[in-house]
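> Sharing a structure with you now.
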Amino acid sequence: MNFSDSEIVASVMTSQGFDVTDKPEEADWIFINTCSIREHAENRVINRLRELQHLRKKKRGLRLGVLGCMAERMKASLLEDDKLGMRIDMVAGPDAYRQLPALMTDVESGQQAINVMLSADETYADISPVRYAAGGVSAFVSIMRGCENFCAYCVVPFTRGKERSRDPVSVAGEIRQLAEAGYREITLLGQNVNSYRWKDNVSGKLTGFSDLISIAAGTDPRVRVRFATSHPKDISEELLQRMAEHPNICRAIHLPVQSGSTSILKKMNRKYTRKTYLEKIGAIKRILPECAVSTDIIAGFCGETQKDHEQTLSLMEEVGFDFAYMFKYSERPGTLAAKKFRDDLPEQVKTERLNEIISKQQQISMESNRRDVGKTFEVLVEGLSKRSSSNAMGRTSQNKVVVFPAGTHKAGEYVRVRIDSCTSATLKGKVV
Ligand code: 5AD
Ligand code: SF4
């Protein structure tokens, strides 16, 4: 989401006559687009800002702006020199990017500038993002913003505000432009894509996420469509049926489970149980047998017992996730969990549990990849492999990375690759 937002920021800036540089020493302004999801993410931002202070000593007049979730969460306190031990010129929250030029003018007239107003309707629908993804093959298309689920651990509803959806006509227009520019994969993005809901003012017609994904898939058959992220409570059979109808909707669903224990899920305010989550997985496997499922898991949430942790490990095995992002619980100020529960697990226990979860996932990913050896997949070529320029890399519909001898194949082409070996992270094969 931040990557996509930075493309919007770049578009706002270039429309004002600014150029973008990837060399910090050339810049007059540096914006850091920040994440607040875990303390670790915020610490990395603070370290990056510290590094940039050295550059500022060398280059007088260099200005620093903090954008995104940390700007929204910490607001004016970021402008106090003694808070971070450094000077920040501008603070702009995720809904304030249209105001960047005005904020810059304020700074250039000698003030510090801030806008952290959240909006009920900003979707940046009319702004064509400047694309930064490498390769020109795969792009993000933002379809909704905000989240009102209020999972107990999560800061997003506070930093990103209310849910709002983007006009489907502008979504389809953006996909068409991307297809014409040679892009072959788009990822529909939102904090909670299943909450997508657009009501046309004139006709009164409602467009839900299942409708939108059909529109996206129908735009150009050469473009594959992905989406992220879905909340398990909202994955409907209707959506799965729609996916089944369109071969260019990728067979991959990211469905964050967070925990395998029903009592922890209840404390997390996730609004599903272990049983209902497993029922959703059952529906995916029934309707889309080829579909990969990936997930997010949090280790060591408040009050998590050894038994709760074991339930997470057993759920991982039962589902057989193809891939997972795994985290230690990090208390975020202002969240429901910070107010209601004690962050009571010792760091060492959190680390041990996380490590067990990671090694379990590695084993499950390896098994999943081994089952693919001998099979042939359609792969969208993204470019050369980072490790060897005689190899190309691409992804299957299931979002698995495949490495194969490049030959004359180019980014943006679809090739059929027969898999002959694997690691837990990569499939290897040859074009057939
Ligand atoms: N601590 C640890 N992980 C978190 N996530 C969200 N909030 C926290 C937190 N406070 C994880 C969840 C979510 C992913 C984007 O980040 O797993 O799905
Ligand atoms: Fe955070 Fe839950 Fe919203 Fe995801 S659904 S952004 S975890 S509050």
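Residues in the structure tokens are named by chain (A, B, ... in the order shown) and by number from 1 within that chain; ligands are numbered from 1 in the order shown.
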Which residues are near ligand 2 - at most 7 Å, using only C-alpha atoms and all ligand atoms? Format: as a PyMOL selection string.
chain A and resi 147-151+154-157+191-192+231
> Okay, now the selection with all heavy atoms, as an mmCIF file, in the first residue's frame?

data_model
loop_
_atom_site.group_PDB
_atom_site.id
_atom_site.type_symbol
_atom_site.label_atom_id
_atom_site.label_comp_id
_atom_site.auth_asym_id
_atom_site.auth_seq_id
_atom_site.Cartn_x
_atom_site.Cartn_y
_atom_site.Cartn_z
ATOM 1 N N CYS A 147 -9.782 1.089 6.837
ATOM 2 C CA CYS A 147 -10.247 -0.174 7.418
ATOM 3 C C CYS A 147 -11.048 0.134 8.672
ATOM 4 O O CYS A 147 -10.655 0.985 9.466
ATOM 5 C CB CYS A 147 -9.061 -1.063 7.773
ATOM 6 S SG CYS A 147 -9.618 -2.630 8.486
ATOM 7 N N GLU A 148 -12.185 -0.556 8.795
ATOM 8 C CA GLU A 148 -13.007 -0.361 10.001
ATOM 9 C C GLU A 148 -13.194 -1.660 10.764
ATOM 10 O O GLU A 148 -14.174 -1.846 11.456
ATOM 11 C CB GLU A 148 -14.369 0.227 9.590
ATOM 12 C CG GLU A 148 -14.230 1.648 9.088
ATOM 13 C CD GLU A 148 -15.492 2.173 8.409
ATOM 14 O OE1 GLU A 148 -16.608 1.827 8.832
ATOM 15 O OE2 GLU A 148 -15.349 2.936 7.443
ATOM 16 N N ASN A 149 -12.244 -2.571 10.594
ATOM 17 C CA ASN A 149 -12.390 -3.858 11.287
ATOM 18 C C ASN A 149 -11.913 -3.810 12.738
ATOM 19 O O ASN A 149 -12.333 -4.620 13.556
ATOM 20 C CB ASN A 149 -11.658 -4.959 10.529
ATOM 21 C CG ASN A 149 -12.448 -5.420 9.320
ATOM 22 O OD1 ASN A 149 -13.673 -5.502 9.383
ATOM 23 N ND2 ASN A 149 -11.773 -5.687 8.228
ATOM 24 N N PHE A 150 -11.035 -2.918 13.050
ATOM 25 C CA PHE A 150 -10.538 -2.761 14.427
ATOM 26 C C PHE A 150 -10.104 -4.079 15.069
ATOM 27 O O PHE A 150 -10.558 -4.425 16.153
ATOM 28 C CB PHE A 150 -11.576 -2.040 15.302
ATOM 29 C CG PHE A 150 -11.718 -0.590 14.933
ATOM 30 C CD1 PHE A 150 -12.727 -0.173 14.080
ATOM 31 C CD2 PHE A 150 -10.820 0.354 15.413
ATOM 32 C CE1 PHE A 150 -12.836 1.167 13.705
ATOM 33 C CE2 PHE A 150 -10.922 1.701 15.045
ATOM 34 C CZ PHE A 150 -11.932 2.108 14.191
ATOM 35 N N CYS A 151 -9.227 -4.801 14.381
ATOM 36 C CA CYS A 151 -8.584 -5.943 15.038
ATOM 37 C C CYS A 151 -7.821 -5.356 16.231
ATOM 38 O O CYS A 151 -7.229 -4.274 16.106
ATOM 39 C CB CYS A 151 -7.643 -6.650 14.082
ATOM 40 S SG CYS A 151 -8.523 -7.275 12.635
ATOM 41 N N CYS A 154 -4.236 -3.890 15.935
ATOM 42 C CA CYS A 154 -3.850 -3.206 14.697
ATOM 43 C C CYS A 154 -4.070 -1.690 14.719
ATOM 44 O O CYS A 154 -5.122 -1.191 15.104
ATOM 45 C CB CYS A 154 -4.610 -3.820 13.535
ATOM 46 S SG CYS A 154 -4.071 -3.174 11.945
ATOM 47 N N VAL A 155 -3.076 -0.972 14.234
ATOM 48 C CA VAL A 155 -3.088 0.491 14.257
ATOM 49 C C VAL A 155 -3.732 1.063 12.982
ATOM 50 O O VAL A 155 -4.062 2.256 12.932
ATOM 51 C CB VAL A 155 -1.619 0.980 14.459
ATOM 52 C CG1 VAL A 155 -0.817 0.894 13.162
ATOM 53 C CG2 VAL A 155 -1.554 2.378 15.035
ATOM 54 N N VAL A 156 -3.915 0.208 11.966
ATOM 55 C CA VAL A 156 -4.362 0.700 10.650
ATOM 56 C C VAL A 156 -5.677 1.500 10.683
ATOM 57 O O VAL A 156 -5.762 2.568 10.076
ATOM 58 C CB VAL A 156 -4.422 -0.458 9.624
ATOM 59 C CG1 VAL A 156 -5.153 -0.058 8.347
ATOM 60 C CG2 VAL A 156 -3.001 -0.906 9.283
ATOM 61 N N PRO A 157 -6.721 1.038 11.387
ATOM 62 C CA PRO A 157 -7.949 1.836 11.387
ATOM 63 C C PRO A 157 -7.729 3.258 11.929
ATOM 64 O O PRO A 157 -8.445 4.179 11.554
ATOM 65 C CB PRO A 157 -8.890 1.040 12.299
ATOM 66 C CG PRO A 157 -8.384 -0.363 12.218
ATOM 67 C CD PRO A 157 -6.889 -0.230 12.107
ATOM 68 N N GLN A 191 -6.760 -2.204 2.012
ATOM 69 C CA GLN A 191 -6.539 -2.775 3.343
ATOM 70 C C GLN A 191 -7.461 -3.963 3.532
ATOM 71 O O GLN A 191 -7.160 -4.903 4.234
ATOM 72 C CB GLN A 191 -6.842 -1.741 4.434
ATOM 73 C CG GLN A 191 -5.611 -1.179 5.088
ATOM 74 C CD GLN A 191 -5.050 -0.030 4.288
ATOM 75 O OE1 GLN A 191 -5.788 0.736 3.707
ATOM 76 N NE2 GLN A 191 -3.745 0.078 4.253
ATOM 77 N N ASN A 192 -8.613 -3.903 2.887
ATOM 78 C CA ASN A 192 -9.597 -4.960 3.059
ATOM 79 C C ASN A 192 -10.456 -4.997 1.790
ATOM 80 O O ASN A 192 -11.537 -4.441 1.752
ATOM 81 C CB ASN A 192 -10.418 -4.614 4.302
ATOM 82 C CG ASN A 192 -11.388 -5.689 4.632
ATOM 83 O OD1 ASN A 192 -11.343 -6.775 4.077
ATOM 84 N ND2 ASN A 192 -12.293 -5.380 5.512
ATOM 85 N N HIS A 231 -10.118 -10.225 4.143
ATOM 86 C CA HIS A 231 -10.412 -10.638 5.516
ATOM 87 C C HIS A 231 -11.202 -11.953 5.455
ATOM 88 O O HIS A 231 -12.183 -12.039 4.707
ATOM 89 C CB HIS A 231 -11.235 -9.548 6.213
ATOM 90 C CG HIS A 231 -11.311 -9.739 7.696
ATOM 91 N ND1 HIS A 231 -11.890 -10.857 8.266
ATOM 92 C CD2 HIS A 231 -10.868 -8.980 8.718
ATOM 93 C CE1 HIS A 231 -11.799 -10.760 9.596
ATOM 94 N NE2 HIS A 231 -11.177 -9.628 9.880
#
> I'd like to know which residues of stretch 99-284 of chain A are alpha helix (DSSP H) (by DSSP, run on the backbone); could you write them as a PyMOL selection string?
chain A and resi 100-108+156-160+168-180+209-219+237-245+262-267+274-284
> Residues of stretch 189-336 of chain A classed as strand (DSSP E) by DSSP on the backbone are to be reported as a ChimeraX atom specification.
/A:189,197-199,206-208,224-228,252-254,292-299,323-328
> Can I get the residues close to ligand 1 as a ChimeraX atom specification, where close means within 10 Å and we count only C-alpha atoms and all ligand atoms?
/A:36-40,151-156,191,229-231,254-259,295-301,324-333,335,337-338
> With only C-alpha atoms counted and 12 Å as the cut-off, give the residues of stretch 152-238 of chain A in contact with stretch 386-399 of chain A, each with its shortest interatomic distance in Å and the pair that gives it, as CSV.

residue,atom,partner,partner_atom,distance
A:Arg184,CA,A:Arg395,CA,11.7
A:Glu185,CA,A:Ser397,CA,10.2
A:Thr187,CA,A:Asn399,CA,11.5
A:Val223,CA,A:Ser397,CA,11.6
A:Arg224,CA,A:Ser397,CA,8.2
A:Val225,CA,A:Ser397,CA,9.3
A:Arg226,CA,A:Ser397,CA,8.9
A:Phe227,CA,A:Asn399,CA,11.4
> Include N, CA, C and O atoms and write out the residues we just selected as a PDB file, in the first residue's frame.

ATOM      1  N   ARG A 184       1.311  -6.700 -17.675  1.00  0.00           N
ATOM      2  CA  ARG A 184       0.608  -7.960 -17.850  1.00  0.00           C
ATOM      3  C   ARG A 184       0.049  -8.526 -16.533  1.00  0.00           C
ATOM      4  O   ARG A 184      -0.507  -9.617 -16.503  1.00  0.00           O
ATOM      5  N   GLU A 185       0.230  -7.806 -15.458  1.00  0.00           N
ATOM      6  CA  GLU A 185      -0.320  -8.280 -14.176  1.00  0.00           C
ATOM      7  C   GLU A 185      -0.665  -7.071 -13.329  1.00  0.00           C
ATOM      8  O   GLU A 185       0.122  -6.137 -13.216  1.00  0.00           O
ATOM      9  N   THR A 187      -2.357  -5.940  -9.445  1.00  0.00           N
ATOM     10  CA  THR A 187      -2.819  -6.375  -8.128  1.00  0.00           C
ATOM     11  C   THR A 187      -3.766  -5.314  -7.589  1.00  0.00           C
ATOM     12  O   THR A 187      -3.371  -4.156  -7.399  1.00  0.00           O
ATOM     13  N   VAL A 223      -4.016  -9.676 -19.367  1.00  0.00           N
ATOM     14  CA  VAL A 223      -3.588  -9.157 -18.054  1.00  0.00           C
ATOM     15  C   VAL A 223      -4.129 -10.052 -16.951  1.00  0.00           C
ATOM     16  O   VAL A 223      -5.332 -10.294 -16.871  1.00  0.00           O
ATOM     17  N   ARG A 224      -3.225 -10.588 -16.096  1.00  0.00           N
ATOM     18  CA  ARG A 224      -3.722 -11.366 -14.969  1.00  0.00           C
ATOM     19  C   ARG A 224      -4.006 -10.445 -13.790  1.00  0.00           C
ATOM     20  O   ARG A 224      -3.399  -9.397 -13.637  1.00  0.00           O
ATOM     21  N   VAL A 225      -4.952 -10.894 -12.984  1.00  0.00           N
ATOM     22  CA  VAL A 225      -5.426 -10.056 -11.885  1.00  0.00           C
ATOM     23  C   VAL A 225      -5.175 -10.766 -10.549  1.00  0.00           C
ATOM     24  O   VAL A 225      -5.497 -11.944 -10.395  1.00  0.00           O
ATOM     25  N   ARG A 226      -4.565 -10.023  -9.636  1.00  0.00           N
ATOM     26  CA  ARG A 226      -4.433 -10.506  -8.244  1.00  0.00           C
ATOM     27  C   ARG A 226      -5.133  -9.521  -7.333  1.00  0.00           C
ATOM     28  O   ARG A 226      -5.484  -8.410  -7.764  1.00  0.00           O
ATOM     29  N   PHE A 227      -5.252  -9.857  -6.064  1.00  0.00           N
ATOM     30  CA  PHE A 227      -5.824  -8.900  -5.118  1.00  0.00           C
ATOM     31  C   PHE A 227      -5.274  -9.166  -3.732  1.00  0.00           C
ATOM     32  O   PHE A 227      -4.913 -10.284  -3.392  1.00  0.00           O
TER      33      PHE A 227
END
> Just how far from atom CA of A:Met86 is atom CA of A:Asp28, in Å to one decimal?
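Answer for the atom CA of A:Asp28 to atom CA of A:Met86 separation: 17.5 Å.
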